[in-house]
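Engineer: The structure file final_34.cif (mmCIF, C-alpha atoms and all ligand atoms) is provided below.
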```cif
data_run
loop_
_atom_site.label_atom_id
_atom_site.label_comp_id
_atom_site.auth_asym_id
_atom_site.auth_seq_id
_atom_site.Cartn_x
_atom_site.Cartn_y
_atom_site.Cartn_z
CA MET A 2 -0.28 174.73 129.21
CA ALA A 3 -0.01 178.24 127.71
CA LYS A 4 3.10 178.84 125.62
CA ALA A 5 5.04 182.09 125.78
CA LYS A 6 4.14 184.25 122.76
CA LYS A 7 5.84 187.39 121.49
CA ALA A 8 2.88 189.47 120.32
CA PHE A 9 -0.37 189.19 122.21
CA ARG A 10 -2.81 188.21 119.50
CA ILE A 11 -6.10 186.42 119.95
CA LEU A 12 -8.93 184.82 118.03
CA ALA A 13 -12.52 185.60 119.08
CA VAL A 14 -15.77 183.84 118.25
CA GLU A 15 -19.33 185.18 118.62
CA SER A 16 -22.48 183.01 118.40
CA SER A 17 -24.93 184.27 121.04
CA CYS A 18 -27.91 184.81 118.74
CA ASP A 19 -28.25 184.87 114.95
CA GLU A 20 -24.85 186.21 113.91
CA SER A 21 -21.88 183.88 113.48
CA ALA A 22 -18.60 185.78 113.65
CA ALA A 23 -14.85 185.46 114.11
CA ALA A 24 -12.13 188.09 114.58
CA VAL A 25 -8.40 188.38 115.15
CA LEU A 26 -7.13 191.19 117.38
CA ASP A 27 -3.51 192.08 118.09
CA GLU A 28 -2.68 194.25 121.08
CA SER A 29 -0.29 196.47 119.19
CA ARG A 30 -1.49 196.20 115.58
CA GLY A 31 -5.20 196.39 116.36
CA LEU A 32 -7.99 194.55 114.59
CA LEU A 33 -6.43 192.36 111.88
CA ALA A 34 -9.59 190.67 110.58
CA HIS A 35 -13.26 190.19 111.33
CA GLU A 36 -15.69 187.94 109.51
CA LEU A 37 -19.43 187.71 109.97
CA PHE A 38 -22.33 185.72 108.64
CA SER A 39 -25.80 187.00 109.46
CA GLN A 40 -28.57 184.38 109.61
CA VAL A 41 -31.22 187.02 109.08
CA GLU A 42 -32.54 185.45 105.85
CA LEU A 43 -32.85 182.06 107.56
CA HIS A 44 -35.11 183.41 110.31
CA ARG A 45 -37.02 186.07 108.35
CA ILE A 46 -39.92 183.83 107.29
CA TYR A 47 -40.56 183.00 110.97
CA GLY A 48 -40.62 186.69 111.98
CA GLY A 49 -37.91 186.15 114.62
CA VAL A 50 -34.95 183.98 115.59
CA VAL A 51 -35.69 180.23 115.81
CA PRO A 52 -33.14 179.02 118.40
CA GLU A 53 -32.61 175.49 117.06
CA LEU A 54 -32.11 176.72 113.50
CA ALA A 55 -29.65 179.31 114.81
CA SER A 56 -27.55 176.65 116.59
CA ARG A 57 -27.45 174.39 113.55
CA ASP A 58 -26.39 177.21 111.28
CA HIS A 59 -23.63 178.31 113.68
CA VAL A 60 -22.25 174.76 113.46
CA ARG A 61 -22.07 175.13 109.66
CA ARG A 62 -20.69 178.67 109.58
CA LEU A 63 -18.25 179.13 112.44
CA LEU A 64 -15.29 177.05 111.34
CA PRO A 65 -15.11 178.59 107.82
CA LEU A 66 -15.39 182.04 109.43
CA VAL A 67 -12.51 181.22 111.80
CA ARG A 68 -10.41 179.99 108.83
CA GLY A 69 -11.31 183.12 106.90
CA ALA A 70 -10.41 185.47 109.76
CA LEU A 71 -7.06 183.74 110.41
CA GLY A 72 -6.28 183.77 106.69
CA ARG A 73 -7.17 187.43 106.24
CA ALA A 74 -5.15 188.31 109.35
CA GLY A 75 -2.17 186.34 107.97
CA THR A 76 -2.11 184.53 111.29
CA ALA A 77 -1.13 180.93 111.99
CA PRO A 78 -2.55 179.28 115.13
CA ALA A 79 0.98 179.21 116.58
CA GLN A 80 0.90 183.03 116.69
CA LEU A 81 -2.17 183.12 118.93
CA ALA A 82 -1.92 183.76 122.67
CA GLY A 83 -5.50 182.72 123.38
CA VAL A 84 -9.07 182.30 122.20
CA ALA A 85 -12.09 184.29 123.40
CA PHE A 86 -15.71 183.31 122.89
CA THR A 87 -19.10 184.64 123.90
CA ALA A 88 -20.11 182.59 126.95
CA GLY A 89 -23.42 184.40 127.60
CA PRO A 90 -25.99 185.78 127.92
CA GLY A 91 -27.82 184.53 124.85
CA LEU A 92 -29.53 181.50 123.32
CA ILE A 93 -28.06 178.50 125.12
CA GLY A 94 -27.76 176.23 122.06
CA ALA A 95 -26.22 179.01 119.97
CA LEU A 96 -23.76 179.84 122.76
CA LEU A 97 -22.81 176.16 123.08
CA THR A 98 -21.74 175.89 119.45
CA GLY A 99 -19.28 178.81 119.68
CA ALA A 100 -18.08 177.84 123.15
CA ALA A 101 -17.42 174.22 122.13
CA LEU A 102 -15.56 175.29 119.00
CA ALA A 103 -13.47 177.98 120.70
CA ARG A 104 -12.68 175.80 123.72
CA SER A 105 -11.64 172.88 121.51
CA LEU A 106 -9.42 175.02 119.26
CA ALA A 107 -7.71 176.56 122.28
CA TYR A 108 -7.14 173.07 123.71
CA ALA A 109 -5.71 171.79 120.42
CA TRP A 110 -3.46 174.84 120.08
CA GLY A 111 -2.33 174.73 123.72
CA VAL A 112 -3.46 178.27 124.55
CA PRO A 113 -5.91 179.60 127.17
CA ALA A 114 -9.57 180.25 126.38
CA VAL A 115 -11.80 182.83 128.03
CA GLY A 116 -15.59 183.13 128.03
CA VAL A 117 -16.68 186.73 127.41
CA HIS A 118 -19.89 188.44 128.55
CA HIS A 119 -21.71 189.50 125.38
CA LEU A 120 -22.78 192.85 126.87
CA GLU A 121 -19.22 193.62 127.98
CA GLY A 122 -18.34 193.14 124.33
CA HIS A 123 -20.98 195.72 123.31
CA LEU A 124 -19.80 198.10 126.06
CA LEU A 125 -16.14 197.92 124.99
CA ALA A 126 -16.74 198.05 121.20
CA PRO A 127 -15.99 201.82 121.04
CA LEU A 128 -12.43 201.07 122.26
CA LEU A 129 -11.74 199.89 118.69
CA GLU A 130 -12.28 203.42 117.38
CA PRO A 131 -9.44 205.91 116.83
CA ASP A 132 -10.87 208.24 119.49
CA PRO A 133 -12.00 205.88 122.28
CA PRO A 134 -14.05 206.97 125.30
CA PRO A 135 -12.37 207.88 128.58
CA PHE A 136 -13.09 206.06 131.85
CA PRO A 137 -15.21 206.55 133.87
CA HIS A 138 -18.19 207.03 131.59
CA LEU A 139 -21.89 206.37 131.38
CA ALA A 140 -23.12 203.72 128.93
CA LEU A 141 -26.50 203.43 127.28
CA LEU A 142 -26.69 199.82 126.16
CA VAL A 143 -29.57 199.37 123.74
CA SER A 144 -29.89 196.04 121.96
CA GLY A 145 -32.59 193.55 121.05
CA GLY A 146 -32.54 192.04 124.52
CA HIS A 147 -31.32 194.88 126.74
CA SER A 148 -31.91 198.55 127.54
CA GLN A 149 -29.68 199.64 130.37
CA LEU A 150 -27.95 202.69 131.73
CA ILE A 151 -24.64 201.61 133.22
CA GLU A 152 -21.95 203.47 135.12
CA VAL A 153 -18.64 202.17 133.72
CA ALA A 154 -15.77 202.86 136.11
CA GLY A 155 -13.39 200.59 134.18
CA ILE A 156 -13.28 197.26 132.39
CA GLY A 157 -15.34 194.86 134.48
CA ARG A 158 -16.50 197.64 136.81
CA TYR A 159 -20.15 198.07 135.92
CA ARG A 160 -23.04 199.46 137.98
CA ILE A 161 -26.50 199.23 136.46
CA LEU A 162 -28.36 202.48 137.15
CA GLY A 163 -31.49 201.81 135.12
CA ASP A 164 -33.03 198.88 133.30
CA THR A 165 -36.17 198.21 131.32
CA ARG A 166 -39.14 196.84 133.22
CA ASP A 167 -40.40 194.97 130.16
CA ASP A 168 -39.40 195.22 126.50
CA ALA A 169 -35.93 196.35 125.43
CA ALA A 170 -35.63 199.28 123.01
CA GLY A 171 -34.70 196.98 120.11
CA GLU A 172 -37.60 194.71 120.98
CA ALA A 173 -39.96 197.72 120.92
CA PHE A 174 -38.65 198.66 117.46
CA ASP A 175 -39.03 195.05 116.25
CA LYS A 176 -42.53 194.48 117.68
CA THR A 177 -44.01 197.75 116.39
CA ALA A 178 -42.32 197.16 113.03
CA LYS A 179 -44.11 193.81 112.85
CA LEU A 180 -47.45 195.56 113.44
CA LEU A 181 -46.62 197.76 110.45
CA GLY A 182 -45.99 194.67 108.30
CA LEU A 183 -42.22 195.15 108.18
CA PRO A 184 -39.88 192.13 107.96
CA TYR A 185 -37.63 190.97 110.80
CA PRO A 186 -35.48 192.52 112.18
CA GLY A 187 -37.73 195.54 112.18
CA GLY A 188 -35.50 198.20 113.80
CA PRO A 189 -33.57 199.32 110.71
CA GLU A 190 -36.67 198.84 108.49
CA LEU A 191 -38.81 200.99 110.77
CA ALA A 192 -36.10 203.68 110.86
CA ARG A 193 -36.08 203.72 107.05
CA LEU A 194 -39.88 204.00 106.87
CA ALA A 195 -39.87 206.76 109.51
CA GLU A 196 -37.73 208.98 107.25
CA GLY A 197 -40.81 209.67 105.10
CA GLY A 198 -43.12 210.22 108.09
CA THR A 199 -44.28 213.45 109.74
CA SER A 200 -43.10 214.09 113.26
CA GLY A 201 -46.04 214.73 115.60
CA ALA A 202 -48.69 213.14 113.35
CA PHE A 203 -48.84 210.43 116.01
CA GLN A 204 -47.88 211.23 119.57
CA PHE A 205 -47.06 207.97 121.35
CA PRO A 206 -46.37 207.73 125.09
CA ARG A 207 -42.88 208.46 126.46
CA PRO A 208 -43.02 205.93 129.28
CA MET A 209 -41.50 206.68 132.70
CA LEU A 210 -40.43 210.21 131.71
CA ASP A 211 -42.88 211.80 134.09
CA ARG A 212 -41.42 209.84 137.00
CA PRO A 213 -38.07 210.24 138.72
CA GLY A 214 -35.46 207.51 138.34
CA LEU A 215 -33.73 205.81 135.46
CA GLU A 216 -36.02 202.86 134.80
CA LEU A 217 -37.34 202.33 131.27
CA SER A 218 -40.46 200.65 129.92
CA PHE A 219 -41.44 200.14 126.29
CA SER A 220 -44.20 197.56 126.29
CA GLY A 221 -46.97 200.21 126.26
CA LEU A 222 -45.76 201.39 122.88
CA LYS A 223 -46.92 198.38 120.90
CA THR A 224 -50.37 198.59 122.53
CA ALA A 225 -50.55 202.29 121.62
CA VAL A 226 -49.56 201.50 118.03
CA LEU A 227 -52.09 198.68 117.84
CA HIS A 228 -54.84 201.11 118.96
CA SER A 229 -53.79 203.77 116.47
CA LEU A 230 -53.95 201.27 113.58
CA ARG A 231 -57.29 199.71 114.53
CA GLY A 232 -59.93 200.05 111.83
CA ARG A 233 -57.68 202.12 109.55
CA GLU A 234 -56.34 201.34 106.13
CA LEU A 235 -52.57 200.85 106.22
CA THR A 236 -51.71 203.49 103.61
CA PRO A 237 -48.04 204.30 102.93
CA LYS A 238 -48.52 207.70 104.62
CA LEU A 239 -50.11 206.22 107.74
CA ARG A 240 -47.34 203.61 108.04
CA ALA A 241 -44.62 206.23 107.66
CA ASP A 242 -46.27 208.59 110.18
CA VAL A 243 -46.73 205.81 112.74
CA ALA A 244 -43.11 204.66 112.21
CA ARG A 245 -41.93 208.23 112.80
CA GLY A 246 -44.08 208.49 115.93
CA VAL A 247 -42.61 205.24 117.30
CA GLU A 248 -39.04 206.24 116.54
CA ASP A 249 -39.53 209.69 118.11
CA ALA A 250 -41.04 208.17 121.26
CA ILE A 251 -38.20 205.64 121.74
CA VAL A 252 -35.46 208.15 120.91
CA ASP A 253 -36.89 210.91 123.14
CA THR A 254 -37.27 208.49 126.05
CA LEU A 255 -33.73 207.11 125.73
CA ALA A 256 -32.21 210.58 125.32
CA ALA A 257 -34.06 212.05 128.30
CA LYS A 258 -33.07 209.16 130.55
CA ALA A 259 -29.45 209.23 129.38
CA VAL A 260 -29.19 212.98 130.11
CA ARG A 261 -30.80 212.43 133.51
CA ALA A 262 -28.23 209.70 134.27
CA LEU A 263 -25.35 211.99 133.21
CA GLU A 264 -26.68 214.66 135.56
CA GLU A 265 -27.07 212.24 138.45
CA THR A 266 -23.60 210.73 138.04
CA ASP A 267 -21.91 214.01 137.08
CA LEU A 268 -20.27 212.26 134.11
CA ASP A 269 -19.55 213.94 130.74
CA ALA A 270 -18.84 211.00 128.46
CA LEU A 271 -21.63 208.79 127.18
CA VAL A 272 -21.04 205.51 125.32
CA VAL A 273 -23.97 204.23 123.28
CA SER A 274 -23.73 200.66 122.07
CA GLY A 275 -25.82 197.66 121.03
CA GLY A 276 -27.88 197.28 117.85
CA VAL A 277 -30.11 200.33 118.44
CA SER A 278 -27.03 202.58 118.66
CA ALA A 279 -26.95 202.30 114.85
CA ASN A 280 -30.14 204.41 114.76
CA ARG A 281 -29.39 207.73 113.05
CA ARG A 282 -32.07 209.77 114.81
CA LEU A 283 -30.95 208.45 118.21
CA ARG A 284 -27.38 209.52 117.41
CA CYS A 285 -28.42 213.03 116.30
CA THR A 286 -30.66 213.56 119.32
CA LEU A 287 -28.06 212.31 121.80
CA ASP A 288 -25.22 214.29 120.22
CA ALA A 289 -27.29 217.49 120.55
CA ALA A 290 -28.60 216.80 124.07
CA VAL A 291 -25.24 215.72 125.51
CA GLY A 292 -23.39 218.44 123.60
CA ARG A 293 -25.62 221.09 125.23
CA ARG A 294 -24.29 219.91 128.61
CA GLY A 295 -20.68 220.15 127.36
CA GLY A 296 -20.36 216.37 127.16
CA ARG A 297 -19.61 213.95 124.33
CA VAL A 298 -21.10 210.78 122.93
CA TYR A 299 -19.00 207.82 121.74
CA TYR A 300 -20.32 205.10 119.44
CA PRO A 301 -18.91 201.97 117.86
CA ARG A 302 -18.61 202.20 114.07
CA LEU A 303 -21.92 201.16 112.47
CA GLU A 304 -20.91 197.58 111.67
CA PHE A 305 -19.88 197.01 115.30
CA CYS A 306 -23.17 198.30 116.79
CA THR A 307 -24.88 194.99 116.07
CA ASP A 308 -23.42 191.62 117.08
CA ASN A 309 -19.87 190.91 115.89
CA ALA A 310 -16.70 189.14 117.05
CA ALA A 311 -14.45 192.23 117.08
CA MET A 312 -16.10 193.47 120.27
CA ILE A 313 -15.74 190.01 121.86
CA ALA A 314 -12.05 190.16 120.93
CA VAL A 315 -11.62 193.49 122.77
CA ALA A 316 -13.14 192.17 125.99
CA GLY A 317 -11.37 188.82 125.55
CA LEU A 318 -7.99 190.42 124.97
CA ALA A 319 -8.35 192.54 128.09
CA ARG A 320 -9.26 189.50 130.18
CA LEU A 321 -6.71 187.07 128.68
CA LYS A 322 -4.00 189.70 129.01
CA ALA A 323 -4.94 190.08 132.68
CA GLY A 324 -4.39 186.33 133.10
CA GLU A 325 -8.02 185.24 133.17
CA HIS A 326 -8.99 181.98 131.57
CA ASP A 327 -11.62 179.26 131.79
CA GLY A 328 -11.12 175.62 132.69
CA LEU A 329 -11.68 172.81 130.22
CA ALA A 330 -15.42 172.54 130.92
CA ILE A 331 -17.70 174.18 128.37
CA LEU A 332 -20.15 176.18 130.44
CA PRO A 333 -22.11 178.80 128.49
CA ARG A 334 -24.75 180.77 130.42
CA ALA A 335 -28.09 181.89 129.03
CA GLN A 336 -28.34 184.32 131.98
CA TRP A 337 -25.31 186.14 133.38
CA PRO A 338 -25.61 189.33 135.46
CA LEU A 339 -23.16 191.97 134.18
CA GLU A 340 -22.42 193.25 137.66
CA THR A 341 -20.89 189.91 138.70
CA LEU A 342 -17.90 190.34 136.34
CA SER A 343 -14.50 190.91 137.87
CA ALA A 344 -12.57 194.14 137.41
CA VAL A 345 -9.65 194.10 134.98
CA ALA A 346 -6.61 196.24 135.69
CA LEU A 347 -4.41 196.52 132.62
CA GLN A 348 -0.76 197.45 132.82
CA ASP A 349 0.38 197.85 129.25
CA ASN A 350 -1.89 197.41 126.29
CA ALA A 351 -1.75 199.46 123.12
CA VAL A 352 -5.16 198.49 121.72
CA LEU A 353 -6.87 199.27 124.99
CA GLU A 354 -4.63 202.18 125.81
CA THR A 355 -7.42 204.17 127.40
CA ALA A 356 -7.43 201.49 130.06
CA ARG A 357 -4.06 202.77 131.20
CA SER A 358 -5.82 205.68 132.84
CA LEU A 359 -8.01 203.33 134.84
CA PRO A 360 -7.69 203.49 138.59
CA THR A 361 -6.48 200.10 139.76
O1 LIG B 401 -27.05 194.14 119.62
P1 LIG B 401 -27.90 193.44 118.62
O2 LIG B 401 -27.33 193.16 117.25
O3 LIG B 401 -28.39 192.05 119.17
C1 LIG B 401 -28.66 191.82 120.50
O4 LIG B 401 -27.68 191.55 121.27
O5 LIG B 401 -29.85 191.94 120.86
O6 LIG B 401 -29.24 194.30 118.50
C2 LIG B 401 -30.27 193.96 117.60
C3 LIG B 401 -31.39 194.98 117.75
C4 LIG B 401 -32.65 194.57 116.97
O7 LIG B 401 -33.76 194.74 117.83
C5 LIG B 401 -32.67 195.56 115.81
O8 LIG B 401 -33.97 195.81 115.33
C6 LIG B 401 -32.06 196.78 116.45
O9 LIG B 401 -31.00 196.26 117.23
N1 LIG B 401 -31.53 197.73 115.44
C7 LIG B 401 -32.03 198.97 115.23
C8 LIG B 401 -31.28 199.54 114.17
N2 LIG B 401 -30.33 198.63 113.78
C9 LIG B 401 -30.49 197.52 114.57
N3 LIG B 401 -33.03 199.62 115.82
C10 LIG B 401 -33.32 200.87 115.38
N4 LIG B 401 -32.66 201.48 114.36
C11 LIG B 401 -31.63 200.87 113.75
N5 LIG B 401 -30.98 201.49 112.75
ZN ZN B 402 -25.82 191.96 121.04
#
```
Show me this structure written as structure tokens.
Ligand code: KG4
Ligand code: ZN

Structural biologist:
Amino acid sequence: MAKAKKAFRILAVESSCDESAAAVLDESRGLLAHELFSQVELHRIYGGVVPELASRDHVRRLLPLVRGALGRAGTAPAQLAGVAFTAGPGLIGALLTGAALARSLAYAWGVPAVGVHHLEGHLLAPLLEPDPPPFPHLALLVSGGHSQLIEVAGIGRYRILGDTRDDAAGEAFDKTAKLLGLPYPGGPELARLAEGGTSGAFQFPRPMLDRPGLELSFSGLKTAVLHSLRGRELTPKLRADVARGVEDAIVDTLAAKAVRALEETDLDALVVSGGVSANRRLRCTLDAAVGRRGGRVYYPRLEFCTDNAAMIAVAGLARLKAGEHDGLAILPRAQWPLETLSAVALQDNAVLETARSLPT
């Protein structure tokens, strides 16, 4: 069904949670357009994402975003070699909206469609930067739903070295932010509040640091915060000091575990991605800690730390280019283990040129 196309250019759609997004990526000209609509205002009054509302809003937003991205990229459907979409993990209804749209467009345009793993998108987002990370590298993936240390041997070659036993780092930020009366999503709000706080005024637990291994755990943090607030007036100073204490505890824990993982794997390059990788203090602490070992940290640009379609386009382009595509059935997956993905060996690809050095 796929037609022969001159330039390998694709459309990508993201709809796994509360961000609707579309992007156009060209293998030699790079990212041509990316459009995003955040539903944050829609969910704010509920203090978190309401799945059914998210799905309904994706239905409203996605098609105009696709039109906008194609228009901005000066791209007609006939110039596309394929369509990528987030197939999971995520909210099943939200995933269905993007998958159905992307699959249908690809069918109408007579091009292949590929379902992308959302976390692979986060992992590969730094490949869009002018100075992309080398392979192999270690990845610290810290989002609202995940906190993982992953050995990345190549695209699709992932080994999870450490995971969280309970809350993810972003979840810990969001839950403690809620206790401080901050609006959803609390991570960036808590980071802002922490800027005016005193480090050390509150010393919260650094879970799992005293034990060997690379497992993480953050659920004790919200209990500790709850205890520290009990019976006290929530003054601006107290809130800022607690916020600083929370941020320090999360950042110290992530940095210590990431350095431990670099030591254990003997890797020098660390990729940090997912929403929490936008955190300024995390970036400073990791840059210093990894730099001391002679290593380097790679991040996506700030706007590509949180959910977006550009990162889905990178993973989708790599997979479509390698000949992968889905059938006509629309099969999004709420759960999808990262380690079950297949390895991608790329021959010639300017956007993903670092992949050339991958062992095949
Ligand atoms: O990757 P992402 O956009 O969505 C998921 O796939 O989960 O990550 C969202 C998470 C939220 O928990 C949000 O509070 C957190 O990333 N986050 C931050 C910051 N920006 C976003 N956490 C701490 N500091 C930030 N600057
Ligand atoms: Zn995400």

Engineer: Could you tell me how far atom CA of Pro137 of chain A sits from atom CA of Leu268 of chain A, in Å to one decimal place?

Structural biologist: 7.6 Å

Engineer: Excluding segment 50-58 of chain A and residues on its chain fewer than 6 positions from it, collect all residues at most 6 Å away from it, counting all atoms listed in the file, and give them as a PyMOL selection string.

Structural biologist: chain A and resi 19+44+94-95

Engineer: Is it possible to get the residues within 10 Å of (-2.0, 188.7, 134.6) (coordinates as in the file, counting all atoms listed in the file) written as a list in words?

Structural biologist: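 The distance filter leaves exactly Ala319, Arg320, Leu321, Lys322, Ala323, Gly324, Glu325, Val345, Ala346, Leu347 and Gln348 of chain A.
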
Engineer: Calculated over all atoms listed in the file, which of the candidates A:Ile331, A:Val67, A:Met312, A:Ala24 has the smallest distance to Leu120 of chain A?

Structural biologist: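 Of A:Ile331, A:Val67, A:Met312, A:Ala24, the one nearest Leu120 of chain A is A:Met312, counting all atoms listed in the file.
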
Engineer: So which one's closest to ligand LIG 401 (chain B), A:Pro333, A:Pro301, A:Gly145, A:Gly182? Using all atoms listed in the file, please.

Structural biologist: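 Checking each candidate against ligand LIG 401 (chain B), we get A:Gly145 as the closest.
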
Engineer: To check your reading of the model: which residues sit at most 10 Å from ligand ZN 402 (chain B) when counting all atoms listed in the file? Write the answer as an NGL selection string.

Structural biologist: :A and (15-20 or 90-91 or 119-124 or 142-147 or 274-277 or 305-309 or 312)

Engineer: Determine the nearest neighbour of Lys176 of chain A from the options A:Ala154, A:Gly201, A:Gly48, A:Ala85, counting all atoms listed in the file.

Structural biologist: A:Gly48

Engineer: Skipping near chain neighbours, those fewer than 3 positions away, what residues fall within 8 Å of segment 286-296 of chain A using all atoms listed in the file, listed as a PyMOL selection string?

Structural biologist: chain A and resi 252-253+256+260+269-271+282-283

Engineer: Using the selection just defined, write its residues with C-alpha atoms as a short mmCIF file (atom, residue, chain, number, x, y, z; two decimals), keeping the file's coordinate frame.

Structural biologist:
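The resulting file, out_11.cif, is shown below:
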```
data_model
loop_
_atom_site.label_atom_id
_atom_site.label_comp_id
_atom_site.auth_asym_id
_atom_site.auth_seq_id
_atom_site.Cartn_x
_atom_site.Cartn_y
_atom_site.Cartn_z
CA VAL A 252 -35.46 208.15 120.91
CA ASP A 253 -36.89 210.91 123.14
CA ALA A 256 -32.21 210.58 125.32
CA VAL A 260 -29.19 212.98 130.11
CA ASP A 269 -19.55 213.94 130.74
CA ALA A 270 -18.84 211.00 128.46
CA LEU A 271 -21.63 208.79 127.18
CA ARG A 282 -32.07 209.77 114.81
CA LEU A 283 -30.95 208.45 118.21
#
```

Engineer: Considering only C-alpha atoms, return as an NGL selection string whatever protein or nucleic-acid residues lie within 8 Å of Arg207 of chain A, sequence-local ones (same chain, fewer than 5 positions apart) excluded.

Structural biologist: :A and (250-251 or 253-254)

Engineer: For Leu12 of chain A, find every residue with an atom within 9 Å (counting all atoms listed in the file), except residues of its own chain fewer than 2 positions away, and show them as a PDB file with C-alpha atoms, in the coordinates of the input.

Structural biologist:
```
ATOM      1  CA  ARG A  10      -2.810 188.210 119.500  1.00  0.00           C
ATOM      2  CA  VAL A  14     -15.770 183.840 118.250  1.00  0.00           C
ATOM      3  CA  ALA A  23     -14.850 185.460 114.110  1.00  0.00           C
ATOM      4  CA  ALA A  24     -12.130 188.090 114.580  1.00  0.00           C
ATOM      5  CA  VAL A  25      -8.400 188.380 115.150  1.00  0.00           C
ATOM      6  CA  LEU A  26      -7.130 191.190 117.380  1.00  0.00           C
ATOM      7  CA  VAL A  67     -12.510 181.220 111.800  1.00  0.00           C
ATOM      8  CA  ALA A  70     -10.410 185.470 109.760  1.00  0.00           C
ATOM      9  CA  LEU A  71      -7.060 183.740 110.410  1.00  0.00           C
ATOM     10  CA  PRO A  78      -2.550 179.280 115.130  1.00  0.00           C
ATOM     11  CA  LEU A  81      -2.170 183.120 118.930  1.00  0.00           C
ATOM     12  CA  ALA A  82      -1.920 183.760 122.670  1.00  0.00           C
ATOM     13  CA  GLY A  83      -5.500 182.720 123.380  1.00  0.00           C
ATOM     14  CA  VAL A  84      -9.070 182.300 122.200  1.00  0.00           C
ATOM     15  CA  ALA A  85     -12.090 184.290 123.400  1.00  0.00           C
ATOM     16  CA  PHE A  86     -15.710 183.310 122.890  1.00  0.00           C
ATOM     17  CA  ALA A 103     -13.470 177.980 120.700  1.00  0.00           C
ATOM     18  CA  ALA A 310     -16.700 189.140 117.050  1.00  0.00           C
ATOM     19  CA  ALA A 314     -12.050 190.160 120.930  1.00  0.00           C
ATOM     20  CA  GLY A 317     -11.370 188.820 125.550  1.00  0.00           C
ATOM     21  CA  LEU A 318      -7.990 190.420 124.970  1.00  0.00           C
TER      22      LEU A 318
END
```

Engineer: Atom CA of Ala126 of chain A to atom CA of Ala79 of chain A: how many Å, to one decimal?

Structural biologist: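 Result for atom CA of Ala126 of chain A versus atom CA of Ala79 of chain A: 26.3 Å, one decimal.
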
Engineer: To one decimal place, how far is atom CA of Ser21 of chain A from atom CA of Leu96 of chain A in Å?

Structural biologist: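 Spanning atom CA of Ser21 of chain A to atom CA of Leu96 of chain A is a straight-line distance of 10.3 Å.
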
Engineer: Between A:Asp267, A:Glu196, A:Glu130, A:Asp164, which is the closest to ligand LIG 401 (chain B) once you count all atoms listed in the file?

Structural biologist: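 Comparing A:Asp267, A:Glu196, A:Glu130, A:Asp164 against ligand LIG 401 (chain B), the winner is A:Glu196.
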
Engineer: Tell me which of A:Ala100, A:Ala225, A:Leu162, A:Ala178 sits closest to ligand LIG 401 (chain B), counting only C-alpha atoms and all ligand atoms.

Structural biologist: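 Comparing A:Ala100, A:Ala225, A:Leu162, A:Ala178 against ligand LIG 401 (chain B), the winner is A:Ala178.
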
Engineer: So that all listed atoms of ligand LIG 401 (chain B) fit with 6 Å spare on each side, what axis-aligned box centre and edge lengths in Å, to one decimal, would you give as AutoDock Vina command-line options?

Structural biologist:
```
--center_x -30.5 --center_y 196.5 --center_z 117.0 --size_x 18.9 --size_y 21.9 --size_z 20.5
```

Engineer: Would you kindly return, as a PyMOL selection string, each protein, DNA or RNA residue with an atom no farther than 8 Å from any atom of Asp168 of chain A, considering all atoms listed in the file and excluding same-chain residues fewer than 4 positions away?

Structural biologist: chain A and resi 146+172-173+218-220
